[in-house]
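J.: One structure coming up, written as structure tokens, with questions to follow.
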Amino acid sequence: MKEISIGKLAYSKLFLHLAKYPQLSCNGILLSKPSKNSSVKFVDCVPLFHSSFTLAPAFEIALSQIDSYCQQNGLVISGFYHAFDNNNQTEPNMMCYKLAEKLKENGDVSFCLIVDNSKINPSNREPCFNVYSFGDDQKLKKFPGNLNLEEGTYETCEKLLEENRFSLINDFDNHLDDVKKDWRNLKLNENISAVESLSAK
């Protein structure tokens with residue numbers, strides 16, 4: 001795998017999830033289009049939890065629903081992101097390894113994005129995470145390839161934060177508390193597209 005990229009929608013939703021729960025441990029699933037070459041582009045993400053995280057029944061339920069959503073929309077699960085509540089922790093722990101391993105069992109690739117909480121701010125102009133992937137020894141190591149963000153991503157995130165759009169995002173924790181809260185965030189997707197259109201002008 002030589003290159004991964006992340007689109008505005010995926011990065012913006014990841015960023016808003018972290019902005020909504022800045023003091024908590026947050027995580028989510030990353031989705032991409034199927035690819036036969038050596039590159040992966042994350043086109044969407046599903047915020048999962050902002051409370052204690054284990055490979056528990058809630059995760060299995062979420063993964064099952066996300067998998068069904070992917071099949072209906074021509075997407076695949078290709079990784080996850082995780083932000084620790086400890087700002088000094090920027091490397092994957094054993095739970096991250098188990099999750100990455102679990103996702104790899106279900107697909108060809110599994111990337112682990114570990115968030116650097118110090119980079120969750122409007123003026124940031126570099127990726128807010130470090131990327132890890134499985135090496136030949138089956139250990140998670142920093143991804144050696146290229147990482148690209150869609151043009152205008154940072155400006156879109158800055159605008160979304162200025163307008164407090166993070167209040168609109170729902171993760172799977174929110175959905176379990178109230179099933180009316182859409183973990184797909186379809187309405188938020190429209191908001192992000194609208195902001196993206198304004199940023200492009």
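By convention here, the chains of the structure tokens are called A, B, ... in the order presented, each chain's residues are numbered starting at 1, and ligands are numbered starting at 1 in the order presented.
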Write out as a PyMOL selection string the residues lying within 10 Å of segment 101-115 of chain A, counting only C-alpha atoms and excluding same-chain residues fewer than 5 positions away.
T.: chain A and resi 1+4+14-15+18+26-30+34+40+55+63+67+76-84+87+89-93+95-96+120+127-134+138-143
J.: For Ser5 of chain A, please output as JSON, numbers by chain all residues within 6 Å (counting only C-alpha atoms; exclusion window: fewer than 6 positions along the same chain).
T.: {"A": [41, 147, 148, 149]}
J.: For Ser68 of chain A, which residue among A:Arg184, A:Val195, A:Ala10, A:Ala56 is the nearest when counting only C-alpha atoms?
T.: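 Going through A:Arg184, A:Val195, A:Ala10, A:Ala56 one by one, the smallest distance to Ser68 of chain A is for A:Arg184.
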J.: Name the residues of segment 110-154 of chain A that come out as strand (DSSP E or B) in a backbone DSSP run; write them as a ChimeraX atom specification.
T.: /A:111-115,129-134,140-142,146-149
J.: Could you turn the residues from that selection into a file that holds N, CA, C and O atoms, as a PDB file, in the first residue's frame?
T.:
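Produced file again_16.pdb, reproduced below:
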```pdb
ATOM      1  N   PHE A 111      -6.603   0.242   8.393  1.00  0.00           N
ATOM      2  CA  PHE A 111      -5.748   1.318   8.871  1.00  0.00           C
ATOM      3  C   PHE A 111      -6.216   1.793  10.237  1.00  0.00           C
ATOM      4  O   PHE A 111      -7.416   1.785  10.534  1.00  0.00           O
ATOM      5  N   CYS A 112      -5.265   2.199  11.031  1.00  0.00           N
ATOM      6  CA  CYS A 112      -5.550   2.714  12.376  1.00  0.00           C
ATOM      7  C   CYS A 112      -5.054   4.152  12.435  1.00  0.00           C
ATOM      8  O   CYS A 112      -3.856   4.415  12.287  1.00  0.00           O
ATOM      9  N   LEU A 113      -5.976   5.095  12.626  1.00  0.00           N
ATOM     10  CA  LEU A 113      -5.630   6.511  12.715  1.00  0.00           C
ATOM     11  C   LEU A 113      -5.690   6.937  14.176  1.00  0.00           C
ATOM     12  O   LEU A 113      -6.757   6.929  14.788  1.00  0.00           O
ATOM     13  N   ILE A 114      -4.549   7.237  14.745  1.00  0.00           N
ATOM     14  CA  ILE A 114      -4.481   7.667  16.143  1.00  0.00           C
ATOM     15  C   ILE A 114      -4.393   9.192  16.181  1.00  0.00           C
ATOM     16  O   ILE A 114      -3.482   9.794  15.633  1.00  0.00           O
ATOM     17  N   VAL A 115      -5.380   9.785  16.832  1.00  0.00           N
ATOM     18  CA  VAL A 115      -5.531  11.241  16.829  1.00  0.00           C
ATOM     19  C   VAL A 115      -4.526  11.923  17.756  1.00  0.00           C
ATOM     20  O   VAL A 115      -4.238  11.442  18.848  1.00  0.00           O
ATOM     21  N   PHE A 129      -3.949  13.346  12.858  1.00  0.00           N
ATOM     22  CA  PHE A 129      -3.735  11.971  13.283  1.00  0.00           C
ATOM     23  C   PHE A 129      -2.455  11.397  12.672  1.00  0.00           C
ATOM     24  O   PHE A 129      -1.914  11.928  11.706  1.00  0.00           O
ATOM     25  N   ASN A 130      -1.981  10.324  13.285  1.00  0.00           N
ATOM     26  CA  ASN A 130      -0.908   9.512  12.728  1.00  0.00           C
ATOM     27  C   ASN A 130      -1.518   8.207  12.225  1.00  0.00           C
ATOM     28  O   ASN A 130      -2.413   7.649  12.865  1.00  0.00           O
ATOM     29  N   VAL A 131      -1.050   7.728  11.094  1.00  0.00           N
ATOM     30  CA  VAL A 131      -1.622   6.536  10.465  1.00  0.00           C
ATOM     31  C   VAL A 131      -0.747   5.320  10.737  1.00  0.00           C
ATOM     32  O   VAL A 131       0.472   5.371  10.566  1.00  0.00           O
ATOM     33  N   TYR A 132      -1.405   4.241  11.156  1.00  0.00           N
ATOM     34  CA  TYR A 132      -0.711   2.976  11.400  1.00  0.00           C
ATOM     35  C   TYR A 132      -1.337   1.883  10.535  1.00  0.00           C
ATOM     36  O   TYR A 132      -2.539   1.908  10.256  1.00  0.00           O
ATOM     37  N   SER A 133      -0.513   0.925  10.133  1.00  0.00           N
ATOM     38  CA  SER A 133      -0.989  -0.227   9.365  1.00  0.00           C
ATOM     39  C   SER A 133      -0.171  -1.445   9.778  1.00  0.00           C
ATOM     40  O   SER A 133       0.886  -1.322  10.405  1.00  0.00           O
ATOM     41  N   PHE A 134      -0.655  -2.608   9.412  1.00  0.00           N
ATOM     42  CA  PHE A 134       0.052  -3.832   9.762  1.00  0.00           C
ATOM     43  C   PHE A 134       1.280  -4.012   8.890  1.00  0.00           C
ATOM     44  O   PHE A 134       1.210  -3.913   7.665  1.00  0.00           O
ATOM     45  N   LEU A 140       1.299  -3.351  14.336  1.00  0.00           N
ATOM     46  CA  LEU A 140       0.909  -2.029  13.848  1.00  0.00           C
ATOM     47  C   LEU A 140       2.115  -1.105  13.854  1.00  0.00           C
ATOM     48  O   LEU A 140       2.754  -0.906  14.878  1.00  0.00           O
ATOM     49  N   LYS A 141       2.398  -0.553  12.673  1.00  0.00           N
ATOM     50  CA  LYS A 141       3.528   0.357  12.539  1.00  0.00           C
ATOM     51  C   LYS A 141       3.076   1.594  11.778  1.00  0.00           C
ATOM     52  O   LYS A 141       2.085   1.559  11.056  1.00  0.00           O
ATOM     53  N   LYS A 142       3.820   2.686  11.931  1.00  0.00           N
ATOM     54  CA  LYS A 142       3.471   3.906  11.202  1.00  0.00           C
ATOM     55  C   LYS A 142       3.476   3.631   9.707  1.00  0.00           C
ATOM     56  O   LYS A 142       4.389   3.014   9.174  1.00  0.00           O
ATOM     57  N   ASN A 146       2.338   7.585   1.389  1.00  0.00           N
ATOM     58  CA  ASN A 146       1.902   8.975   1.335  1.00  0.00           C
ATOM     59  C   ASN A 146       0.484   9.126   1.890  1.00  0.00           C
ATOM     60  O   ASN A 146      -0.357   8.252   1.728  1.00  0.00           O
ATOM     61  N   LEU A 147       0.230  10.267   2.519  1.00  0.00           N
ATOM     62  CA  LEU A 147      -1.098  10.625   3.018  1.00  0.00           C
ATOM     63  C   LEU A 147      -1.498  11.955   2.405  1.00  0.00           C
ATOM     64  O   LEU A 147      -0.783  12.945   2.529  1.00  0.00           O
ATOM     65  N   ASN A 148      -2.642  11.979   1.714  1.00  0.00           N
ATOM     66  CA  ASN A 148      -3.115  13.193   1.058  1.00  0.00           C
ATOM     67  C   ASN A 148      -4.516  13.543   1.536  1.00  0.00           C
ATOM     68  O   ASN A 148      -5.347  12.659   1.726  1.00  0.00           O
ATOM     69  N   LEU A 149      -4.757  14.831   1.720  1.00  0.00           N
ATOM     70  CA  LEU A 149      -6.089  15.326   2.052  1.00  0.00           C
ATOM     71  C   LEU A 149      -6.666  16.069   0.859  1.00  0.00           C
ATOM     72  O   LEU A 149      -5.931  16.755   0.137  1.00  0.00           O
TER      73      LEU A 149
END
```
J.: Out of segment 11-158 of chain A, which residues get alpha helix (DSSP H) from DSSP, as an MDAnalysis selection string?
T.: chainID A and resid 11:20 57:73 94:106 153:158
J.: Could you state the separation of atom CA of Gly74 of chain A and atom CA of Lys33 of chain A in Å, given to one decimal place?
T.: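 Computing the Euclidean distance for atom CA of Gly74 of chain A and atom CA of Lys33 of chain A yields 6.7 Å.
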J.: Between A:Ala100, A:Cys70, A:Ile61, A:Ala194, single out the one closest to His175 of chain A, counting only C-alpha atoms.
T.: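 When distances to His175 of chain A are compared using only C-alpha atoms, the smallest one comes from A:Ile61.
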J.: State, in Å with one decimal place, the distance from atom CA of Ser25 of chain A to atom CA of Ser51 of chain A.
T.: 6.5 Å
J.: Between A:Lys20, A:Lys98, A:Lys2, A:His50, which is the closest to Asp173 of chain A once you count only C-alpha atoms?
T.: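 Among A:Lys20, A:Lys98, A:Lys2, A:His50, it is A:His50 that comes nearest to Asp173 of chain A.
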J.: Please, what distance in Å, to one decimal, runs between atom CA of Asn164 of chain A and atom CA of Tyr69 of chain A?
T.: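 Atom CA of Tyr69 of chain A lies at a distance of 27.4 Å from atom CA of Asn164 of chain A.
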J.: Considering only C-alpha atoms, return as a PyMOL selection string whatever protein or nucleic-acid residues lie within 7 Å of Val43 of chain A, sequence-local ones (same chain, fewer than 5 positions apart) excluded.
T.: chain A and resi 6-7+9-10+31-32
J.: Please dump the current selection as an mmCIF file, in the first residue's frame; keep N, CA, C and O atoms.
T.:
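For reference, again_3.cif as written:
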```
data_model
loop_
_atom_site.group_PDB
_atom_site.id
_atom_site.type_symbol
_atom_site.label_atom_id
_atom_site.label_comp_id
_atom_site.auth_asym_id
_atom_site.auth_seq_id
_atom_site.Cartn_x
_atom_site.Cartn_y
_atom_site.Cartn_z
ATOM 1 N N ILE A 6 -7.809 11.101 2.115
ATOM 2 C CA ILE A 6 -9.043 11.254 2.872
ATOM 3 C C ILE A 6 -9.817 12.441 2.322
ATOM 4 O O ILE A 6 -9.261 13.531 2.133
ATOM 5 N N GLY A 7 -11.089 12.210 2.016
ATOM 6 C CA GLY A 7 -11.933 13.248 1.453
ATOM 7 C C GLY A 7 -12.469 14.197 2.504
ATOM 8 O O GLY A 7 -12.387 13.941 3.710
ATOM 9 N N LEU A 9 -15.541 14.987 3.346
ATOM 10 C CA LEU A 9 -16.641 14.483 4.165
ATOM 11 C C LEU A 9 -16.123 13.621 5.307
ATOM 12 O O LEU A 9 -16.508 13.811 6.468
ATOM 13 N N ALA A 10 -15.253 12.680 4.997
ATOM 14 C CA ALA A 10 -14.714 11.785 6.020
ATOM 15 C C ALA A 10 -13.927 12.559 7.074
ATOM 16 O O ALA A 10 -14.124 12.369 8.285
ATOM 17 N N LEU A 31 -14.669 4.561 5.999
ATOM 18 C CA LEU A 31 -15.203 3.872 4.841
ATOM 19 C C LEU A 31 -14.524 4.353 3.566
ATOM 20 O O LEU A 31 -14.184 5.537 3.439
ATOM 21 N N SER A 32 -14.352 3.434 2.636
ATOM 22 C CA SER A 32 -13.752 3.795 1.355
ATOM 23 C C SER A 32 -14.477 3.071 0.234
ATOM 24 O O SER A 32 -15.295 2.177 0.465
#
```
J.: Near Asp171 of chain A, counting only C-alpha atoms, which residues have an atom at most 6 Å away, once you skip same-chain residues fewer than 4 positions from it, shown as a count of residues only?
T.: 3
J.: I'd like the neighbourhood of Arg165 of chain A as a ChimeraX atom specification, where a residue qualifies if any of its atoms comes within 10 Å (using only C-alpha atoms), though same-chain residues fewer than 6 positions away should be ignored.
T.: /A:13,16,19-20,157,159,188,191-192
J.: Restricted to C-alpha atoms, what would the selected residues look like written as a PDB file, in the first residue's frame?
T.:
```
ATOM      1  CA  LYS A  13     -17.048  14.224  10.324  1.00  0.00           C
ATOM      2  CA  LEU A  16     -16.486  17.321  14.311  1.00  0.00           C
ATOM      3  CA  ALA A  19     -14.600  18.643  18.606  1.00  0.00           C
ATOM      4  CA  LYS A  20     -17.928  17.659  20.177  1.00  0.00           C
ATOM      5  CA  CYS A 157     -13.392  22.199   8.933  1.00  0.00           C
ATOM      6  CA  LYS A 159     -15.941  27.000   8.772  1.00  0.00           C
ATOM      7  CA  LEU A 188     -24.971  16.642   8.483  1.00  0.00           C
ATOM      8  CA  ASN A 191     -24.520  20.651   5.796  1.00  0.00           C
ATOM      9  CA  ILE A 192     -20.914  19.756   5.044  1.00  0.00           C
TER      10      ILE A 192
END
```
